[in-house]
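One file, entry_18.txt, carrying compact mmCIF, C-alpha atoms and all ligand atoms:
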# COMPACT_ATOMS: atom_id res chain seq x y z
CA PRO A 1 102.83 153.93 91.79
CA GLY A 2 105.71 151.79 92.92
CA THR A 3 106.21 148.08 92.29
CA LEU A 4 105.89 145.26 94.78
CA TYR A 5 108.76 142.78 94.40
CA ILE A 6 108.38 139.24 95.74
CA VAL A 7 111.91 138.21 96.68
CA PRO A 8 112.86 134.63 97.62
CA THR A 9 115.64 134.29 100.20
CA PRO A 10 117.90 131.30 100.96
CA ILE A 11 116.45 128.14 102.59
CA GLY A 12 119.81 127.51 104.21
CA ASN A 13 122.74 128.30 101.94
CA LEU A 14 123.43 132.04 101.83
CA GLY A 15 124.98 131.66 98.38
CA ASP A 16 121.46 131.19 97.04
CA LEU A 17 120.47 134.85 97.39
CA SER A 18 120.71 135.85 93.73
CA PRO A 19 122.52 138.99 92.55
CA ARG A 20 119.18 140.28 91.27
CA ALA A 21 117.54 139.66 94.65
CA GLN A 22 120.36 141.56 96.36
CA GLN A 23 119.98 144.45 93.96
CA VAL A 24 116.23 144.70 94.44
CA LEU A 25 116.56 144.53 98.24
CA GLN A 26 119.14 147.31 98.04
CA GLU A 27 117.13 149.58 95.77
CA VAL A 28 113.57 149.40 97.07
CA ALA A 29 112.33 152.03 99.53
CA ALA A 30 111.66 149.41 102.20
CA ILE A 31 111.37 145.67 102.83
CA ALA A 32 108.35 143.93 104.33
CA ALA A 33 109.55 140.92 106.32
CA GLU A 34 107.91 138.14 108.29
CA ASP A 35 110.33 138.43 111.19
CA THR A 36 112.24 141.73 111.14
CA ARG A 37 115.01 140.57 113.50
CA HIS A 38 115.68 137.43 111.51
CA SER A 39 115.67 139.31 108.21
CA ARG A 40 117.89 142.15 109.44
CA GLN A 41 120.51 139.51 110.20
CA LEU A 42 120.30 138.16 106.66
CA LEU A 43 120.44 141.64 105.14
CA GLN A 44 123.43 142.52 107.29
CA GLN A 45 125.41 139.65 105.77
CA PHE A 46 124.93 141.29 102.38
CA ALA A 47 125.59 144.79 103.69
CA ILE A 48 122.06 145.82 102.76
CA GLN A 49 120.96 148.66 104.98
CA ASN A 50 117.35 149.30 104.28
CA GLU A 51 114.18 149.95 106.20
CA VAL A 52 112.55 146.69 107.31
CA PHE A 53 108.99 146.49 108.61
CA ALA A 54 106.88 143.57 109.80
CA LEU A 55 104.29 141.85 107.68
CA HIS A 56 103.38 138.51 109.16
CA GLU A 57 100.51 136.07 109.48
CA HIS A 58 98.99 137.98 112.38
CA ASN A 59 99.05 141.53 111.01
CA GLU A 60 98.91 141.01 107.23
CA ARG A 61 95.21 141.79 106.92
CA GLU A 62 95.39 145.09 108.80
CA ARG A 63 98.78 146.11 107.39
CA ALA A 64 98.12 145.33 103.73
CA ALA A 65 96.05 148.46 103.15
CA ALA A 66 98.80 150.72 104.47
CA VAL A 67 101.39 148.94 102.36
CA VAL A 68 99.23 149.36 99.25
CA GLU A 69 98.88 153.06 100.08
CA ARG A 70 102.64 153.41 100.27
CA LEU A 71 103.00 151.69 96.88
CA GLN A 72 100.32 154.02 95.48
CA ALA A 73 102.32 156.97 96.77
CA GLY A 74 105.27 155.88 94.64
CA ASP A 75 107.51 153.76 96.86
CA SER A 76 108.66 150.41 95.50
CA LEU A 77 108.73 147.69 98.16
CA ALA A 78 110.05 144.15 98.52
CA LEU A 79 108.37 141.29 100.34
CA ILE A 80 110.52 138.57 101.90
CA SER A 81 109.77 135.74 104.32
CA ASP A 82 112.01 133.98 106.82
CA ALA A 83 113.21 131.56 104.17
CA GLY A 84 112.42 130.59 100.61
CA THR A 85 109.67 131.99 98.46
CA PRO A 86 107.09 134.30 100.07
CA LEU A 87 103.45 133.10 99.81
CA ILE A 88 104.54 129.44 99.70
CA SER A 89 103.33 128.34 103.16
CA ASP A 90 104.27 131.90 104.14
CA PRO A 91 102.51 135.29 104.32
CA GLY A 92 101.93 137.55 101.33
CA TYR A 93 98.77 136.34 99.63
CA VAL A 94 96.53 139.06 101.08
CA LEU A 95 98.98 141.78 100.07
CA VAL A 96 99.50 140.49 96.53
CA GLN A 97 95.76 140.08 96.04
CA GLN A 98 95.16 143.67 97.15
CA CYS A 99 97.96 144.99 94.94
CA ARG A 100 96.48 143.20 91.93
CA ALA A 101 93.03 144.54 92.76
CA GLN A 102 94.43 148.10 92.88
CA GLY A 103 96.40 147.77 89.66
CA ILE A 104 99.80 147.83 91.33
CA THR A 105 102.55 145.99 89.48
CA VAL A 106 103.74 142.84 91.24
CA VAL A 107 107.06 141.39 90.09
CA ALA A 108 108.17 138.01 91.43
CA LEU A 109 111.82 136.98 91.36
CA PRO A 110 112.47 133.25 90.94
CA GLY A 111 114.58 131.70 93.67
CA PRO A 112 114.94 129.22 96.51
CA CYS A 113 111.92 127.14 97.41
CA ALA A 114 111.90 123.85 99.31
CA ILE A 115 109.24 122.35 97.00
CA THR A 116 111.18 122.55 93.76
CA THR A 117 114.50 121.79 95.46
CA ALA A 118 113.20 118.54 97.02
CA LEU A 119 111.20 117.54 93.97
CA SER A 120 114.01 118.01 91.49
CA ALA A 121 116.34 115.66 93.37
CA ALA A 122 113.88 113.13 94.83
CA GLY A 123 113.78 110.81 91.84
CA LEU A 124 109.98 110.61 91.69
CA PRO A 125 107.88 111.63 88.68
CA THR A 126 107.81 115.41 88.23
CA ASP A 127 105.66 115.74 85.11
CA ARG A 128 102.66 116.33 87.38
CA PHE A 129 102.70 117.00 91.10
CA THR A 130 100.58 118.52 93.81
CA PHE A 131 101.77 120.65 96.73
CA GLU A 132 99.82 119.86 99.89
CA GLY A 133 101.57 122.30 102.24
CA PHE A 134 101.47 121.29 105.91
CA LEU A 135 99.04 118.51 106.81
CA PRO A 136 96.61 119.39 109.63
CA ALA A 137 98.19 119.24 113.10
CA LYS A 138 95.28 117.35 114.67
CA PRO A 139 95.55 113.57 114.19
CA GLN A 140 91.97 113.03 113.11
CA GLN A 141 92.03 115.82 110.53
CA ARG A 142 95.43 114.72 109.31
CA ARG A 143 94.16 111.22 108.64
CA LYS A 144 91.11 112.60 106.87
CA ALA A 145 93.31 114.77 104.65
CA LEU A 146 95.44 111.73 103.81
CA GLU A 147 92.37 109.60 103.08
CA ALA A 148 91.31 112.17 100.49
CA LEU A 149 94.72 111.73 98.82
CA ARG A 150 94.74 107.93 98.80
CA SER A 151 94.04 107.58 95.08
CA GLU A 152 95.89 110.73 93.97
CA THR A 153 98.08 109.65 91.05
CA ARG A 154 100.31 112.73 90.96
CA THR A 155 103.46 112.99 93.06
CA MET A 156 102.59 114.75 96.34
CA VAL A 157 104.80 117.23 98.19
CA PHE A 158 104.25 117.98 101.90
CA TYR A 159 105.99 120.31 104.32
CA GLU A 160 106.42 118.94 107.81
CA SER A 161 107.89 120.02 111.12
CA PRO A 162 110.28 117.94 113.26
CA HIS A 163 107.86 117.48 116.14
CA ARG A 164 105.19 115.94 113.92
CA ILE A 165 107.34 113.93 111.52
CA LEU A 166 106.95 110.58 113.32
CA ALA A 167 103.19 110.95 113.69
CA THR A 168 102.82 111.92 110.04
CA LEU A 169 104.99 109.06 108.79
CA SER A 170 102.97 106.53 110.78
CA ASP A 171 99.72 108.04 109.49
CA LEU A 172 101.10 107.75 105.95
CA GLN A 173 101.81 104.09 106.64
CA ASP A 174 98.30 103.45 108.00
CA VAL A 175 96.31 105.49 105.50
CA ILE A 176 98.35 105.49 102.27
CA GLY A 177 100.05 102.14 102.84
CA ALA A 178 103.44 100.79 103.91
CA GLU A 179 104.56 99.98 100.35
CA ARG A 180 104.17 103.38 98.67
CA THR A 181 107.46 105.04 97.71
CA LEU A 182 108.44 108.06 99.81
CA VAL A 183 111.38 110.45 99.82
CA MET A 184 112.16 112.56 102.86
CA ALA A 185 114.39 115.52 101.96
CA ARG A 186 115.93 117.11 105.04
CA GLU A 187 118.05 120.20 105.69
CA LEU A 188 118.17 121.11 102.00
CA THR A 189 121.13 123.29 100.95
CA LYS A 190 122.57 122.93 104.47
CA ARG A 191 125.44 120.95 105.96
CA TYR A 192 123.38 117.91 106.91
CA GLU A 193 121.32 117.72 103.74
CA THR A 194 119.90 114.18 103.54
CA TYR A 195 117.55 112.27 101.27
CA LEU A 196 115.93 109.14 102.74
CA SER A 197 114.07 107.13 100.17
CA GLY A 198 112.29 103.81 100.10
CA SER A 199 108.87 102.51 101.02
CA VAL A 200 106.88 104.46 103.63
CA ALA A 201 107.63 101.63 106.11
CA GLU A 202 111.38 101.83 105.38
CA VAL A 203 111.56 105.61 105.75
CA LEU A 204 109.52 105.43 108.97
CA ALA A 205 111.87 102.78 110.39
CA ARG A 206 114.97 104.86 109.54
CA VAL A 207 113.52 107.98 111.15
CA GLN A 208 112.43 106.03 114.23
CA ASP A 209 115.89 104.47 114.62
CA ASP A 210 117.89 107.67 114.19
CA SER A 211 116.75 110.69 116.16
CA ASN A 212 118.98 112.92 114.00
CA GLN A 213 116.55 112.25 111.18
CA GLN A 214 113.81 113.82 113.29
CA ARG A 215 115.63 117.17 113.46
CA GLY A 216 115.79 120.18 111.20
CA GLU A 217 113.58 121.04 108.26
CA MET A 218 111.98 118.44 106.06
CA VAL A 219 109.94 117.94 102.93
CA LEU A 220 108.08 114.71 102.15
CA VAL A 221 107.76 113.70 98.51
CA LEU A 222 105.25 110.86 98.11
CA ALA A 223 104.79 108.80 94.96
CA GLY A 224 101.31 108.94 93.44
CA ALA A 225 98.94 105.97 93.46
CA PRO A 226 99.39 103.63 90.49
CA GLN A 227 97.29 104.67 87.48
CA GLN A 228 94.09 102.62 87.31
CA GLU A 229 94.15 100.22 84.36
CA GLN A 230 90.59 101.10 83.43
CA SER A 231 89.64 104.56 82.30
CA GLY A 232 86.54 106.21 83.77
CA ASP A 233 84.57 105.34 80.63
CA SER A 234 85.32 101.65 80.61
CA GLN A 235 84.61 101.48 84.35
CA ALA A 236 81.17 103.01 83.75
CA ALA A 237 80.55 100.52 80.94
CA LEU A 238 81.49 97.63 83.22
CA GLN A 239 79.10 98.88 85.88
CA THR A 240 76.29 99.10 83.32
CA VAL A 241 76.91 95.52 82.23
CA GLN A 242 76.82 94.40 85.85
CA ILE A 243 73.50 96.14 86.47
CA LEU A 244 72.00 94.68 83.27
CA ARG A 245 73.28 91.22 84.09
CA ALA A 246 71.40 91.28 87.39
CA HIS A 247 68.16 91.66 85.41
CA LEU A 248 68.87 88.95 82.87
CA PRO A 249 67.79 85.34 83.38
N1 LIG A 301 108.48 129.67 101.87
C1 LIG A 301 109.26 128.48 102.12
C2 LIG A 301 109.66 127.85 100.79
O1 LIG A 301 109.67 128.53 99.77
O2 LIG A 301 109.98 126.66 100.76
C3 LIG A 301 108.55 127.52 103.05
C4 LIG A 301 108.19 128.10 104.40
S1 LIG A 301 107.40 126.98 105.48
C5 LIG A 301 106.93 128.02 106.79
C6 LIG A 301 108.73 126.08 106.22
C7 LIG A 301 108.78 124.62 105.77
O3 LIG A 301 109.43 124.54 104.50
C8 LIG A 301 109.57 123.71 106.67
O4 LIG A 301 108.78 123.20 107.73
C9 LIG A 301 109.99 122.60 105.72
O5 LIG A 301 108.93 121.69 105.52
C10 LIG A 301 110.22 123.39 104.43
N2 LIG A 301 111.64 123.82 104.33
C11 LIG A 301 112.10 125.08 104.37
N3 LIG A 301 113.45 125.09 104.26
C12 LIG A 301 113.84 123.79 104.15
C13 LIG A 301 115.09 123.13 104.00
N4 LIG A 301 116.22 123.81 103.98
N5 LIG A 301 115.10 121.78 103.91
C14 LIG A 301 113.96 121.07 103.95
N6 LIG A 301 112.75 121.65 104.08
C15 LIG A 301 112.68 122.98 104.18
As structure tokens - that is how I would like this structure written.
Ligand code: SAM
Amino acid sequence: PGTLYIVPTPIGNLGDLSPRAQQVLQEVAAIAAEDTRHSRQLLQQFAIQNEVFALHEHNERERAAAVVERLQAGDSLALISDAGTPLISDPGYVLVQQCRAQGITVVALPGPCAITTALSAAGLPTDRFTFEGFLPAKPQQRRKALEALRSETRTMVFYESPHRILATLSDLQDVIGAERTLVMARELTKRYETYLSGSVAEVLARVQDDSNQQRGEMVLVLAGAPQQEQSGDSQAALQTVQILRAHLP
């Protein structure tokens, strides 16, 4: 059988398509892409002329079986998305899962990804972090999702889209709190790359005041909640004492 290669593509700067990525895209039998028109343009810039077929959110389930069959028949294939690393808030999970189930080799190339790019320059703790993807689009569900993260102590990374950024920032202020430290990384690797950092209230004010900050692509990196002074054990002990005290004269 062939091999499925997971190939990250630039998130803005074309120079970030690695030599190895170029070689794999050149040598595989065909490339599965999220948006074939968009990807053909990218490939053209690197003079890669290869078969490109569509594998996106809406057809992945039905297409995956045929792709696995082609791999079984001996063709090696590459999976790319519109930008960055496939499977990271992008299609590919169903295909990779099926390949693994069928014993097909999956090789992932390391490369551009907005999570690691934003995180590594944000200046917030990176020893532990959690990727939350896109928050729910509906206000009520978004607030609920944020409520569940209120006492998360790890740094949190969110993807967001320009038309929801103001709503999300004001929900962060209401639910997480105005004082929590936030970094908004925008247009990474591109001409107008910007990092806004400060309290949630400060970042919200800057984005409200400058409509340019509401454009393009953005990642939110949110500081975790402060570590509780008391460990779980000592908290339980305190509770026990309180209960006992209620029964003592
Ligand atoms: N697979 C991609 C990756 O590896 O980062 C992510 C795809 S997801 C559909 C698109 C989101 O990623 C955007 O809404 C934004 O939150 C983030 N993103 C992608 N490129 C970016 C960039 N150049 N600057 C800031 N954020 C970016």
Have a look at A:Leu14, A:Met218, A:Leu172, A:Leu79 and name the one nearest to A:Gln41; count only C-alpha atoms.
A:Leu14
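Take the candidates A:Ser151, A:Thr116, A:Ser199, A:Ser76 and check each one against A:Gln228 using all atoms listed in the file; the shortest distance goes to A:Ser151.
Between ligand LIG 301 (chain A) and the candidates A:Leu124, A:Ile80, A:Ala225, A:Leu196, the tightest atom-to-atom separation, counting only C-alpha atoms and all ligand atoms, involves A:Ile80.
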Compute the set of protein, DNA and RNA residues whose minimum atom distance to ligand LIG 301 (chain A) is at most 6 Å, using only C-alpha atoms and all ligand atoms, and state it as a PyMOL selection string.
chain A and resi 11-12+83-86+88-90+113-115+159-161+185-189+217-219
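Atom CA of A:Leu119 sits 20.2 Å away from atom CA of A:Gly15.
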Compile the contact shell of A:Glu51 as an MDAnalysis selection string: residues with an atom at most 10 Å away, counting only C-alpha atoms, same-chain residues fewer than 5 positions apart removed.
chainID A and resid 25:26 28:32 36 40 77
Leaving out A:Val203 and any residue of its chain fewer than 5 positions from it, which residues lie within 9 Å of it when counting only C-alpha atoms, given as a count of residues only?
8
My list of candidates is A:Val106, A:Ala64, A:Ala167, A:Val52. Which is closest to A:Pro1 when distances are computed with only C-alpha atoms?
A:Val106
Residues near A:Thr153, anyone? I mean within 9 Å using only C-alpha atoms, not counting same-chain ones fewer than 5 positions away, as a list in words.
Arg128, Phe129, Ala223, Gly224, Ala225, Pro226, Gln227 and Gln228 of chain A
I'd like the neighbourhood of A:Gly74 as a ChimeraX atom specification, where a residue qualifies if any of its atoms comes within 9 Å (using only C-alpha atoms), though same-chain residues fewer than 4 positions away should be ignored.
/A:1-3,69-70
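As for atom CA of A:Leu109 and atom CA of A:Tyr93, they are spaced 15.5 Å apart.
A straight line drawn from atom CA of A:Val67 to atom CA of A:Val94 is 11.1 Å long.
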If I put a ball of radius 10 Å at (97.7, 149.3, 100.0) in the file's coordinates, which residues poke into it when counting all atoms listed in the file, written as a PyMOL selection string?
chain A and resi 63-73+95-96+98-99+101-102+104
